[in-house]
Amino acid sequence: MSSNLFYEPSLHERPLDRELCQRLHYEAIERAMSGSHGYSVPSTVDLLELRKRARLFGREAYLYHPEAIDAIFAGISLEVYRMIVELYCSRLERSMTTVWRIVQALALGTGRASISYEAVWAVCMHLEEQRRRETEVALEQDTATWRIFALFYEEENQRIEEMNDGEGCKLLGITCETKLDPPAIFQTIQRGFWREVTNRGLRVHQWATLFDSYLHKAYGYSPLRIHEERDRVYYHLVGYNRDPAWQCPALRYFLPLQSGVISDDGALFYDGLHYTDELLAYWAGVHVTFRRSEQTEALIWVYLDGSMLSTALARELRRRDGTYWSRRPGRV
């Protein structure tokens with residue numbers, strides 16, 4: 001989001017119609033009763049008690065008193081509703097809890113009254129179909145088997161980051177098998193590569209280029225060179241130049257997970273760059289995790305308590321026209 005809409009005077013002039021709020025709340029309870037997003041149900045909604053009442057009085061037991069609905073949806077205007085739509089129906093795939101935490105932070109940041117989680121939950125439940133349409137990804141699986149191995153190398157103050165790719169495989173429907181006895185070719189590659197890097201004093205970000213050069217020299221295969229050639233051939237295609245992790249959010253789980261603390265000015269410092277976003281300022285001093293895009297080092301995805309919060313961009317890579325360089329000179 002580009003700015004805090006709670007600063008706009010018009011934001012509070014058009015409250016949602018009470019009848020609409022009642023319908024949103026009723027639909028949310030119905031969906032929750034059917035098992036939809038059971039983990040996100042507010043503590044203020046007692047599904048067990050509502051189920052007992054429904055047996056006696058039917059589904060009309062899901063209807064709350066109008067005054068209770070007014071209290072739950074206090075502060076939810078048409079503009080706040082649109083804000084929730086923007087936050088929830090996004091390819092960032094924020095959780096309902098995180099959407100509420102953002103709306104709450106923006107409201108309190110301008111001195112407004114607290115926003116009820118129950119209200120945000122009801123709106124998000126109503127938006128499920130729209131969110132699905134906005135974030136749905138069509139996947140085609142083939143029968144190929146991939147063998148992946150990790151190169152482990154430790155040097156003072158240097159470490160290869162770990163990836164939590166299990167969740168990504170689960171979301172993509174990939175079946176994984178772990179074996180402790182990799183093929184001999186993997187061991188040969190690892191020994192050969194370590195001979196290349198030993199005692200050379202290289203930084204971690206230089207290893208990819210060196211590993212690519214080693215593969216080209218030893219086996220005549222160079223992934224980075226092939227990638228650069230394809231970039232030149234398909235540069236004119238819009239789809240090819242989109243970040244795959246934007247197109248298919250599950251791919252983010254295959255990126256190394258980092259951690260850091262948001263500075264007082266709302267920045268995350270990593271690898272010599274300061275990543276900023278307006279939302280980060282509301283969590284100054286808070287420990288977060290993040291993943292950097294493989295497509296461009298100008299962008300990271302930031303997670304709050306393990307849930308997607310926002311993206312952030314490296315201010316050092318910002319051009320005068322507001323766009324961003326994809327990488328620093330000499331980076332791959």
# chains A, B, ... in the order shown; residues from 1 in each chain; ligands from 1

$ residues_around --residues "Gln104 (chain A)" --least-positions-apart "2" --cutoff "9 Å" --atoms "only C-alpha atoms" --output "list in words"
Val99, Trp100, Arg101, Ile102, Leu106, Ala107, Leu108, Gly109, Ala113, Ser114, Ile115, Ser116 and Tyr117 of chain A

$ write_last_selection --atoms "N, CA and C atoms" --output "PDB file, in the first residue's frame"
ATOM      1  N   VAL A  99      -3.685  -9.443   7.843  1.00  0.00           N
ATOM      2  CA  VAL A  99      -4.492  -8.345   7.287  1.00  0.00           C
ATOM      3  C   VAL A  99      -5.045  -7.495   8.417  1.00  0.00           C
ATOM      4  N   TRP A 100      -5.585  -8.155   9.444  1.00  0.00           N
ATOM      5  CA  TRP A 100      -6.110  -7.404  10.592  1.00  0.00           C
ATOM      6  C   TRP A 100      -5.008  -6.617  11.296  1.00  0.00           C
ATOM      7  N   ARG A 101      -3.828  -7.223  11.472  1.00  0.00           N
ATOM      8  CA  ARG A 101      -2.739  -6.530  12.156  1.00  0.00           C
ATOM      9  C   ARG A 101      -2.313  -5.287  11.378  1.00  0.00           C
ATOM     10  N   ILE A 102      -2.347  -5.368  10.047  1.00  0.00           N
ATOM     11  CA  ILE A 102      -1.991  -4.205   9.230  1.00  0.00           C
ATOM     12  C   ILE A 102      -3.050  -3.113   9.369  1.00  0.00           C
ATOM     13  N   LEU A 106      -2.445   0.593  11.019  1.00  0.00           N
ATOM     14  CA  LEU A 106      -2.714   1.826  10.283  1.00  0.00           C
ATOM     15  C   LEU A 106      -3.727   2.701  11.018  1.00  0.00           C
ATOM     16  N   ALA A 107      -4.745   2.065  11.603  1.00  0.00           N
ATOM     17  CA  ALA A 107      -5.760   2.830  12.325  1.00  0.00           C
ATOM     18  C   ALA A 107      -5.180   3.458  13.586  1.00  0.00           C
ATOM     19  N   LEU A 108      -4.508   2.656  14.396  1.00  0.00           N
ATOM     20  CA  LEU A 108      -3.943   3.168  15.642  1.00  0.00           C
ATOM     21  C   LEU A 108      -2.850   4.198  15.373  1.00  0.00           C
ATOM     22  N   GLY A 109      -2.169   4.055  14.234  1.00  0.00           N
ATOM     23  CA  GLY A 109      -1.109   4.998  13.888  1.00  0.00           C
ATOM     24  C   GLY A 109      -1.610   6.400  13.630  1.00  0.00           C
ATOM     25  N   ALA A 113      -9.802   4.585  16.467  1.00  0.00           N
ATOM     26  CA  ALA A 113     -10.192   3.514  17.382  1.00  0.00           C
ATOM     27  C   ALA A 113      -9.730   2.167  16.844  1.00  0.00           C
ATOM     28  N   SER A 114      -9.596   1.217  17.742  1.00  0.00           N
ATOM     29  CA  SER A 114      -9.170  -0.129  17.382  1.00  0.00           C
ATOM     30  C   SER A 114     -10.184  -0.782  16.446  1.00  0.00           C
ATOM     31  N   ILE A 115      -9.687  -1.596  15.524  1.00  0.00           N
ATOM     32  CA  ILE A 115     -10.532  -2.321  14.587  1.00  0.00           C
ATOM     33  C   ILE A 115     -10.705  -3.756  15.081  1.00  0.00           C
ATOM     34  N   SER A 116     -11.906  -4.252  15.068  1.00  0.00           N
ATOM     35  CA  SER A 116     -12.202  -5.602  15.544  1.00  0.00           C
ATOM     36  C   SER A 116     -11.667  -6.659  14.583  1.00  0.00           C
ATOM     37  N   TYR A 117     -10.973  -7.653  15.137  1.00  0.00           N
ATOM     38  CA  TYR A 117     -10.515  -8.770  14.299  1.00  0.00           C
ATOM     39  C   TYR A 117     -11.706  -9.530  13.730  1.00  0.00           C
TER      40      TYR A 117
END

$ residues_around --residues "region 214-216 of chain A" --least-positions-apart "2" --cutoff "10 Å" --atoms "only C-alpha atoms" --output "MDAnalysis selection string"
chainID A and resid 189 192:193 196:197 208:212 218:225

$ write_last_selection --atoms "N, CA and C atoms" --output "compact mmCIF listing (two decimals), in the first residue's frame"
# COMPACT_ATOMS: atom_id res chain seq x y z
N ILE A 189 31.61 -33.70 -8.00
CA ILE A 189 31.41 -32.26 -8.22
C ILE A 189 31.78 -31.48 -6.97
N GLY A 192 35.58 -31.37 -6.48
CA GLY A 192 36.20 -30.51 -7.47
C GLY A 192 35.95 -29.04 -7.21
N PHE A 193 34.73 -28.72 -6.79
CA PHE A 193 34.40 -27.33 -6.52
C PHE A 193 35.15 -26.81 -5.32
N GLU A 196 38.41 -25.55 -6.01
CA GLU A 196 38.39 -24.23 -6.65
C GLU A 196 38.31 -23.09 -5.64
N VAL A 197 37.56 -23.29 -4.56
CA VAL A 197 37.30 -22.18 -3.65
C VAL A 197 38.23 -22.15 -2.44
N ALA A 208 28.27 -18.50 -6.60
CA ALA A 208 27.43 -18.92 -7.72
C ALA A 208 28.18 -18.77 -9.04
N THR A 209 28.85 -17.63 -9.22
CA THR A 209 29.61 -17.39 -10.45
C THR A 209 30.75 -18.38 -10.57
N LEU A 210 31.46 -18.62 -9.47
CA LEU A 210 32.58 -19.55 -9.51
C LEU A 210 32.11 -20.98 -9.76
N PHE A 211 31.00 -21.37 -9.13
CA PHE A 211 30.47 -22.72 -9.34
C PHE A 211 30.05 -22.90 -10.79
N ASP A 212 29.45 -21.87 -11.37
CA ASP A 212 29.06 -21.92 -12.78
C ASP A 212 30.29 -22.09 -13.68
N ALA A 218 34.62 -28.06 -16.22
CA ALA A 218 34.73 -29.50 -15.99
C ALA A 218 33.77 -30.33 -16.84
N TYR A 219 32.58 -29.77 -17.14
CA TYR A 219 31.57 -30.59 -17.81
C TYR A 219 30.98 -29.94 -19.06
N GLY A 220 31.43 -28.73 -19.38
CA GLY A 220 30.92 -28.06 -20.56
C GLY A 220 29.50 -27.56 -20.42
N TYR A 221 29.02 -27.46 -19.18
CA TYR A 221 27.65 -27.00 -18.92
C TYR A 221 27.70 -25.79 -18.01
N SER A 222 26.98 -24.73 -18.38
CA SER A 222 27.04 -23.49 -17.62
C SER A 222 25.63 -22.94 -17.42
N PRO A 223 24.98 -23.21 -16.28
CA PRO A 223 23.61 -22.73 -16.06
C PRO A 223 23.46 -21.22 -16.19
N LEU A 224 24.42 -20.45 -15.66
CA LEU A 224 24.29 -18.99 -15.72
C LEU A 224 24.42 -18.49 -17.15
N ARG A 225 25.30 -19.10 -17.92
CA ARG A 225 25.45 -18.69 -19.31
C ARG A 225 24.19 -19.00 -20.11

$ select_by_dssp --residues "region 43-264 of chain A" --states "strand (DSSP E or B)" --output "number ranges by chain"
A: 77, 155, 158, 257-261

$ residues_around --residues "region 46-58 of chain A" --least-positions-apart "4" --cutoff "10 Å" --atoms "only C-alpha atoms" --output "list in words"
Ile29, Glu30, Ala32, Met33, Gly38, Val41, Pro42, Tyr62 and Leu63 of chain A

$ closest_atom_pairs --of "region 194-261 of chain A" --to "region 127-146 of chain A" --cutoff "12 Å" --atoms "only C-alpha atoms" --output "JSON lines"
{"residue": "A:Pro244", "atom": "CA", "partner": "A:Val137", "partner_atom": "CA", "distance": 11.2}
{"residue": "A:Ala245", "atom": "CA", "partner": "A:Val137", "partner_atom": "CA", "distance": 11.3}
{"residue": "A:Trp246", "atom": "CA", "partner": "A:Thr135", "partner_atom": "CA", "distance": 9.7}
{"residue": "A:Gln247", "atom": "CA", "partner": "A:Val137", "partner_atom": "CA", "distance": 7.4}
{"residue": "A:Cys248", "atom": "CA", "partner": "A:Val137", "partner_atom": "CA", "distance": 6.3}
{"residue": "A:Pro249", "atom": "CA", "partner": "A:Thr135", "partner_atom": "CA", "distance": 8.4}
{"residue": "A:Ala250", "atom": "CA", "partner": "A:Val137", "partner_atom": "CA", "distance": 9.7}
{"residue": "A:Leu251", "atom": "CA", "partner": "A:Val137", "partner_atom": "CA", "distance": 11.4}

$ select_by_dssp --residues "region 77-295 of chain A" --states "helix (DSSP H, G or I)" --output "ChimeraX atom specification"
/A:78-88,96-109,117-126,128-135,166-172,184-197,204-219,223-234,239-241,244-247,249-254,278-283

$ write_last_selection --atoms "C-alpha atoms" --output "mmCIF file, in the first residue's frame"
data_model
loop_
_atom_site.group_PDB
_atom_site.id
_atom_site.type_symbol
_atom_site.label_atom_id
_atom_site.label_comp_id
_atom_site.auth_asym_id
_atom_site.auth_seq_id
_atom_site.Cartn_x
_atom_site.Cartn_y
_atom_site.Cartn_z
ATOM 1 C CA LEU A 78 -16.528 1.362 2.610
ATOM 2 C CA GLU A 79 -12.958 2.579 2.149
ATOM 3 C CA VAL A 80 -11.651 0.303 4.927
ATOM 4 C CA TYR A 81 -13.494 -2.566 3.235
ATOM 5 C CA ARG A 82 -11.682 -1.760 -0.013
ATOM 6 C CA MET A 83 -8.405 -1.668 1.901
ATOM 7 C CA ILE A 84 -9.069 -5.172 3.220
ATOM 8 C CA VAL A 85 -9.827 -6.338 -0.327
ATOM 9 C CA GLU A 86 -6.490 -4.958 -1.523
ATOM 10 C CA LEU A 87 -4.577 -6.560 1.334
ATOM 11 C CA TYR A 88 -6.258 -9.954 1.288
ATOM 12 C CA MET A 96 -6.456 -13.007 7.809
ATOM 13 C CA THR A 97 -4.590 -12.324 11.027
ATOM 14 C CA THR A 98 -1.896 -10.353 9.223
ATOM 15 C CA VAL A 99 -4.492 -8.345 7.287
ATOM 16 C CA TRP A 100 -6.110 -7.404 10.592
ATOM 17 C CA ARG A 101 -2.739 -6.530 12.156
ATOM 18 C CA ILE A 102 -1.991 -4.205 9.230
ATOM 19 C CA VAL A 103 -5.400 -2.515 9.342
ATOM 20 C CA GLN A 104 -5.114 -2.223 13.112
ATOM 21 C CA ALA A 105 -1.620 -0.709 12.910
ATOM 22 C CA LEU A 106 -2.714 1.826 10.283
ATOM 23 C CA ALA A 107 -5.760 2.830 12.325
ATOM 24 C CA LEU A 108 -3.943 3.168 15.642
ATOM 25 C CA GLY A 109 -1.109 4.998 13.888
ATOM 26 C CA TYR A 117 -10.515 -8.770 14.299
ATOM 27 C CA GLU A 118 -13.953 -10.349 14.063
ATOM 28 C CA ALA A 119 -15.005 -7.745 11.502
ATOM 29 C CA VAL A 120 -11.879 -8.211 9.375
ATOM 30 C CA TRP A 121 -12.318 -11.987 9.614
ATOM 31 C CA ALA A 122 -15.923 -11.738 8.376
ATOM 32 C CA VAL A 123 -14.886 -9.578 5.414
ATOM 33 C CA CYS A 124 -12.007 -11.909 4.520
ATOM 34 C CA MET A 125 -14.277 -14.957 4.654
ATOM 35 C CA HIS A 126 -16.613 -13.176 2.235
ATOM 36 C CA GLU A 128 -12.489 -16.114 -0.355
ATOM 37 C CA GLU A 129 -13.707 -16.667 -3.907
ATOM 38 C CA GLN A 130 -12.255 -13.377 -5.124
ATOM 39 C CA ARG A 131 -8.941 -14.181 -3.442
ATOM 40 C CA ARG A 132 -8.903 -17.589 -5.093
ATOM 41 C CA ARG A 133 -9.452 -16.032 -8.531
ATOM 42 C CA GLU A 134 -6.720 -13.451 -7.962
ATOM 43 C CA THR A 135 -4.112 -15.907 -6.664
ATOM 44 C CA GLY A 166 9.155 -28.713 2.414
ATOM 45 C CA GLU A 167 6.154 -26.372 2.505
ATOM 46 C CA GLY A 168 6.764 -25.372 -1.112
ATOM 47 C CA CYS A 169 6.805 -29.002 -2.220
ATOM 48 C CA LYS A 170 3.590 -29.633 -0.308
ATOM 49 C CA LEU A 171 1.807 -26.672 -1.934
ATOM 50 C CA LEU A 172 2.998 -27.686 -5.389
ATOM 51 C CA ALA A 184 28.964 -40.567 -6.982
ATOM 52 C CA ILE A 185 28.844 -37.724 -9.533
ATOM 53 C CA PHE A 186 27.598 -35.364 -6.815
ATOM 54 C CA GLN A 187 30.539 -36.192 -4.576
ATOM 55 C CA THR A 188 32.911 -35.678 -7.510
ATOM 56 C CA ILE A 189 31.410 -32.261 -8.220
ATOM 57 C CA GLN A 190 31.639 -31.240 -4.569
ATOM 58 C CA ARG A 191 35.299 -32.254 -4.241
ATOM 59 C CA GLY A 192 36.204 -30.507 -7.475
ATOM 60 C CA PHE A 193 34.397 -27.332 -6.525
ATOM 61 C CA TRP A 194 35.996 -27.147 -3.067
ATOM 62 C CA ARG A 195 39.392 -27.333 -4.690
ATOM 63 C CA GLU A 196 38.395 -24.234 -6.652
ATOM 64 C CA VAL A 197 37.304 -22.181 -3.650
ATOM 65 C CA VAL A 204 29.294 -16.121 -0.418
ATOM 66 C CA HIS A 205 27.682 -14.051 -3.177
ATOM 67 C CA GLN A 206 30.634 -14.892 -5.447
ATOM 68 C CA TRP A 207 30.226 -18.652 -5.148
ATOM 69 C CA ALA A 208 27.429 -18.921 -7.722
ATOM 70 C CA THR A 209 29.610 -17.392 -10.447
ATOM 71 C CA LEU A 210 32.584 -19.546 -9.510
ATOM 72 C CA PHE A 211 30.472 -22.722 -9.339
ATOM 73 C CA ASP A 212 29.063 -21.922 -12.776
ATOM 74 C CA SER A 213 32.593 -21.455 -14.152
ATOM 75 C CA TYR A 214 33.684 -24.735 -12.591
ATOM 76 C CA LEU A 215 30.797 -26.639 -14.205
ATOM 77 C CA HIS A 216 31.586 -25.069 -17.575
ATOM 78 C CA LYS A 217 35.257 -25.972 -17.298
ATOM 79 C CA ALA A 218 34.730 -29.503 -15.986
ATOM 80 C CA TYR A 219 31.570 -30.586 -17.814
ATOM 81 C CA PRO A 223 23.606 -22.730 -16.056
ATOM 82 C CA LEU A 224 24.289 -18.994 -15.725
ATOM 83 C CA ARG A 225 25.450 -18.686 -19.310
ATOM 84 C CA ILE A 226 22.368 -20.536 -20.521
ATOM 85 C CA HIS A 227 20.199 -18.278 -18.354
ATOM 86 C CA GLU A 228 21.798 -15.131 -19.788
ATOM 87 C CA GLU A 229 21.315 -16.423 -23.323
ATOM 88 C CA ARG A 230 17.638 -17.134 -22.703
ATOM 89 C CA ASP A 231 17.242 -13.671 -21.181
ATOM 90 C CA ARG A 232 18.485 -12.177 -24.426
ATOM 91 C CA VAL A 233 16.294 -14.389 -26.613
ATOM 92 C CA TYR A 234 13.066 -13.958 -24.623
ATOM 93 C CA GLY A 239 5.575 -13.157 -19.152
ATOM 94 C CA TYR A 240 9.179 -14.326 -19.276
ATOM 95 C CA ASN A 241 10.368 -11.209 -17.446
ATOM 96 C CA PRO A 244 8.299 -16.602 -11.023
ATOM 97 C CA ALA A 245 7.795 -16.170 -7.269
ATOM 98 C CA TRP A 246 5.188 -13.489 -8.019
ATOM 99 C CA GLN A 247 3.434 -15.731 -10.516
ATOM 100 C CA PRO A 249 3.842 -17.781 -4.583
ATOM 101 C CA ALA A 250 4.686 -21.342 -3.456
ATOM 102 C CA LEU A 251 8.101 -20.924 -5.110
ATOM 103 C CA ARG A 252 9.092 -18.451 -2.391
ATOM 104 C CA TYR A 253 9.532 -21.358 0.015
ATOM 105 C CA PHE A 254 12.484 -22.507 -2.084
ATOM 106 C CA GLU A 278 5.912 2.041 4.406
ATOM 107 C CA LEU A 279 4.383 -0.829 6.383
ATOM 108 C CA LEU A 280 7.698 -1.805 7.984
ATOM 109 C CA ALA A 281 7.800 1.453 9.942
ATOM 110 C CA TYR A 282 4.822 0.272 12.006
ATOM 111 C CA TRP A 283 6.919 -2.633 13.299
#
